[in-house]
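Below: one structure, written as structure tokens.
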Amino acid sequence: EDGRGLILREYEPNGGRGEVYAQLGFPVRRIVSCNLVEEDEAPVAVRANRFRFPIRPFQIRTFRLV
């Protein structure tokens with residue numbers, strides 16, 4: 001809505017935890033981890049439109065793709 005990229009939300013629905021590997025189908029320059037109100041928190045390493053992140057049971061993760 002603010003024109004600063006796309007928001008991607010990931011949700012862990014099964015009570016599991018671990019490392020998530022995401023492959024995007026389009027190019028991005030950078031990815032930033034955000035809180036649930038979409039405020040930037042920390043940069044995420046992205047390489048060849050792929051990135052990874054940890055997730056906890058029932059956690060919602062939010063990312064800004066630029």
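Letters for chains follow the order of the structure tokens (A, B, ...), residue numbers begin at 1 for each chain, and ligand numbers begin at 1 in the order shown.
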
Review point. Near A:Glu10, within 7 Å and counting only C-alpha atoms, which residues show up once chain neighbours fewer than 5 positions away are dropped, as an MDAnalysis selection string?
Key: chainID A and resid 60:62

Could you write those residues out with N, CA and C atoms, as a short mmCIF file (atom, residue, chain, number, x, y, z; two decimals), in the first residue's frame?
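Heads up, here's the output in part.cif:
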```
data_model
loop_
_atom_site.label_atom_id
_atom_site.label_comp_id
_atom_site.auth_asym_id
_atom_site.auth_seq_id
_atom_site.Cartn_x
_atom_site.Cartn_y
_atom_site.Cartn_z
N ILE A 60 3.78 -16.39 12.67
CA ILE A 60 3.57 -15.67 11.42
C ILE A 60 4.83 -14.85 11.18
N ARG A 61 5.44 -14.99 10.00
CA ARG A 61 6.62 -14.22 9.62
C ARG A 61 6.22 -13.28 8.48
N THR A 62 6.70 -12.05 8.52
CA THR A 62 6.39 -11.04 7.51
C THR A 62 7.68 -10.51 6.91
#
```

Point to revise | Test item, strand (DSSP E or B) assignment across stretch 1-57 of chain A, answer as an MDAnalysis selection string | key: chainID A and resid 6:11 18:23 31:34 40:44 47 50:55

Restricting the output to N, CA, C and O atoms, write the selected residues as a short mmCIF file (atom, residue, chain, number, x, y, z; two decimals), in the first residue's frame.
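Generated output (part_23.cif):
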```cif
data_model
loop_
_atom_site.label_atom_id
_atom_site.label_comp_id
_atom_site.auth_asym_id
_atom_site.auth_seq_id
_atom_site.Cartn_x
_atom_site.Cartn_y
_atom_site.Cartn_z
N LEU A 6 6.64 -5.40 -1.98
CA LEU A 6 5.57 -6.36 -1.73
C LEU A 6 5.73 -6.96 -0.34
O LEU A 6 6.85 -7.16 0.13
N ILE A 7 4.62 -7.28 0.30
CA ILE A 7 4.65 -7.93 1.61
C ILE A 7 4.34 -9.42 1.42
O ILE A 7 3.38 -9.78 0.75
N LEU A 8 5.18 -10.24 2.02
CA LEU A 8 5.01 -11.69 1.99
C LEU A 8 4.83 -12.16 3.43
O LEU A 8 5.63 -11.81 4.30
N ARG A 9 3.76 -12.92 3.70
CA ARG A 9 3.55 -13.48 5.03
C ARG A 9 3.62 -15.00 4.92
O ARG A 9 3.04 -15.60 4.03
N GLU A 10 4.32 -15.57 5.88
CA GLU A 10 4.44 -17.03 5.99
C GLU A 10 3.91 -17.43 7.36
O GLU A 10 4.18 -16.77 8.36
N TYR A 11 3.16 -18.54 7.39
CA TYR A 11 2.53 -19.01 8.62
C TYR A 11 2.84 -20.48 8.81
O TYR A 11 2.76 -21.27 7.87
N GLY A 18 11.49 -25.06 12.55
CA GLY A 18 12.62 -25.41 11.70
C GLY A 18 13.01 -24.27 10.79
O GLY A 18 12.63 -23.12 10.98
N GLU A 19 13.80 -24.61 9.78
CA GLU A 19 14.30 -23.66 8.80
C GLU A 19 13.44 -23.75 7.55
O GLU A 19 13.18 -24.84 7.04
N VAL A 20 12.99 -22.60 7.05
CA VAL A 20 12.18 -22.53 5.83
C VAL A 20 13.07 -22.02 4.71
O VAL A 20 13.80 -21.05 4.89
N TYR A 21 13.02 -22.68 3.57
CA TYR A 21 13.74 -22.25 2.38
C TYR A 21 12.71 -21.79 1.35
O TYR A 21 11.84 -22.56 0.97
N ALA A 22 12.81 -20.54 0.93
CA ALA A 22 11.84 -19.97 0.00
C ALA A 22 12.51 -19.62 -1.32
O ALA A 22 13.58 -19.01 -1.33
N GLN A 23 11.88 -19.99 -2.42
CA GLN A 23 12.35 -19.67 -3.76
C GLN A 23 11.29 -18.78 -4.40
O GLN A 23 10.14 -19.19 -4.55
N ILE A 31 15.45 -8.15 0.74
CA ILE A 31 14.34 -8.62 1.57
C ILE A 31 14.60 -8.13 2.99
O ILE A 31 15.73 -8.20 3.49
N VAL A 32 13.55 -7.64 3.62
CA VAL A 32 13.64 -7.14 4.99
C VAL A 32 12.59 -7.86 5.83
O VAL A 32 11.42 -7.92 5.44
N SER A 33 13.00 -8.40 6.96
CA SER A 33 12.06 -8.96 7.92
C SER A 33 11.30 -7.82 8.58
O SER A 33 11.88 -6.79 8.92
N CYS A 34 9.98 -7.99 8.75
CA CYS A 34 9.13 -6.95 9.33
C CYS A 34 8.33 -7.52 10.50
O CYS A 34 8.18 -8.74 10.62
N ASP A 40 9.86 -2.27 9.26
CA ASP A 40 11.11 -2.98 8.98
C ASP A 40 11.87 -3.28 10.26
O ASP A 40 11.94 -2.45 11.17
N GLU A 41 12.47 -4.50 10.30
CA GLU A 41 13.25 -4.90 11.46
C GLU A 41 14.70 -5.23 11.10
O GLU A 41 15.60 -4.64 11.65
N ALA A 42 14.91 -6.16 10.18
CA ALA A 42 16.28 -6.59 9.88
C ALA A 42 16.37 -7.08 8.44
O ALA A 42 15.44 -7.71 7.93
N PRO A 43 17.50 -6.82 7.78
CA PRO A 43 17.68 -7.34 6.42
C PRO A 43 17.83 -8.86 6.45
O PRO A 43 18.31 -9.44 7.42
N VAL A 44 17.42 -9.49 5.37
CA VAL A 44 17.52 -10.93 5.21
C VAL A 44 18.41 -11.19 3.99
O VAL A 44 18.25 -10.54 2.96
N ARG A 47 19.84 -14.59 -2.18
CA ARG A 47 20.78 -14.98 -3.22
C ARG A 47 20.02 -15.75 -4.29
O ARG A 47 19.35 -16.74 -3.98
N ARG A 50 16.44 -16.53 -3.66
CA ARG A 50 16.15 -17.51 -2.61
C ARG A 50 16.57 -16.92 -1.27
O ARG A 50 17.54 -16.18 -1.17
N PHE A 51 15.82 -17.31 -0.23
CA PHE A 51 16.20 -16.92 1.12
C PHE A 51 15.68 -17.96 2.10
O PHE A 51 14.87 -18.81 1.75
N ARG A 52 16.21 -17.91 3.30
CA ARG A 52 15.77 -18.86 4.33
C ARG A 52 15.59 -18.13 5.65
O ARG A 52 16.18 -17.07 5.87
N PHE A 53 14.79 -18.73 6.51
CA PHE A 53 14.51 -18.12 7.81
C PHE A 53 13.98 -19.18 8.76
O PHE A 53 13.38 -20.17 8.34
N PRO A 54 14.21 -18.99 10.06
CA PRO A 54 13.66 -19.92 11.06
C PRO A 54 12.20 -19.59 11.34
O PRO A 54 11.76 -18.45 11.19
N ILE A 55 11.47 -20.62 11.75
CA ILE A 55 10.07 -20.40 12.13
C ILE A 55 9.74 -21.28 13.33
O ILE A 55 10.26 -22.39 13.46
#
```

Practice item. Would you list the contacts of A:Arg30 as number ranges by chain, taking every protein, DNA or RNA residue within 10 Å and counting only C-alpha atoms, but skipping same-chain residues closer than 3 positions in sequence? Key: A: 5, 27, 43-47, 49, 64-66

Output the selection as a CSV table (one decimal), in the first residue's frame - C-alpha atoms for each residue.
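Once everything was written out, this is selection-v4.csv:
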```
chain,number,residue,atom,x,y,z
A,5,GLY,CA,7.7,-3.2,-2.1
A,27,PRO,CA,13.7,-11.1,-9.1
A,43,PRO,CA,17.7,-7.3,6.4
A,44,VAL,CA,17.5,-10.9,5.2
A,45,ALA,CA,20.2,-12.5,3.0
A,46,VAL,CA,18.9,-13.2,-0.5
A,47,ARG,CA,20.8,-15.0,-3.2
A,49,ASN,CA,15.9,-15.0,-5.5
A,64,ARG,CA,9.1,-6.9,2.6
A,65,LEU,CA,10.4,-7.8,-0.9
A,66,VAL,CA,12.0,-4.9,-2.8
```

**Study point:** Which residue of A:Arg4, A:Ala48, A:Pro13, A:Gln59 approaches A:Leu36 most closely, using only C-alpha atoms
**Key:**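 The closest residue to A:Leu36 is A:Gln59.
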
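Atom pair atom CA of A:Gly16 / atom CA of A:Phe58 has a distance of 7.6 Å (rounded to one decimal).
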
Point to revise | Closest of A:Arg17, A:Glu12, A:Phe63, A:Gly3 to A:Glu38 - atom-to-atom distances counting only C-alpha atoms | key: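 For A:Glu38, the nearest of the candidates is A:Phe63.
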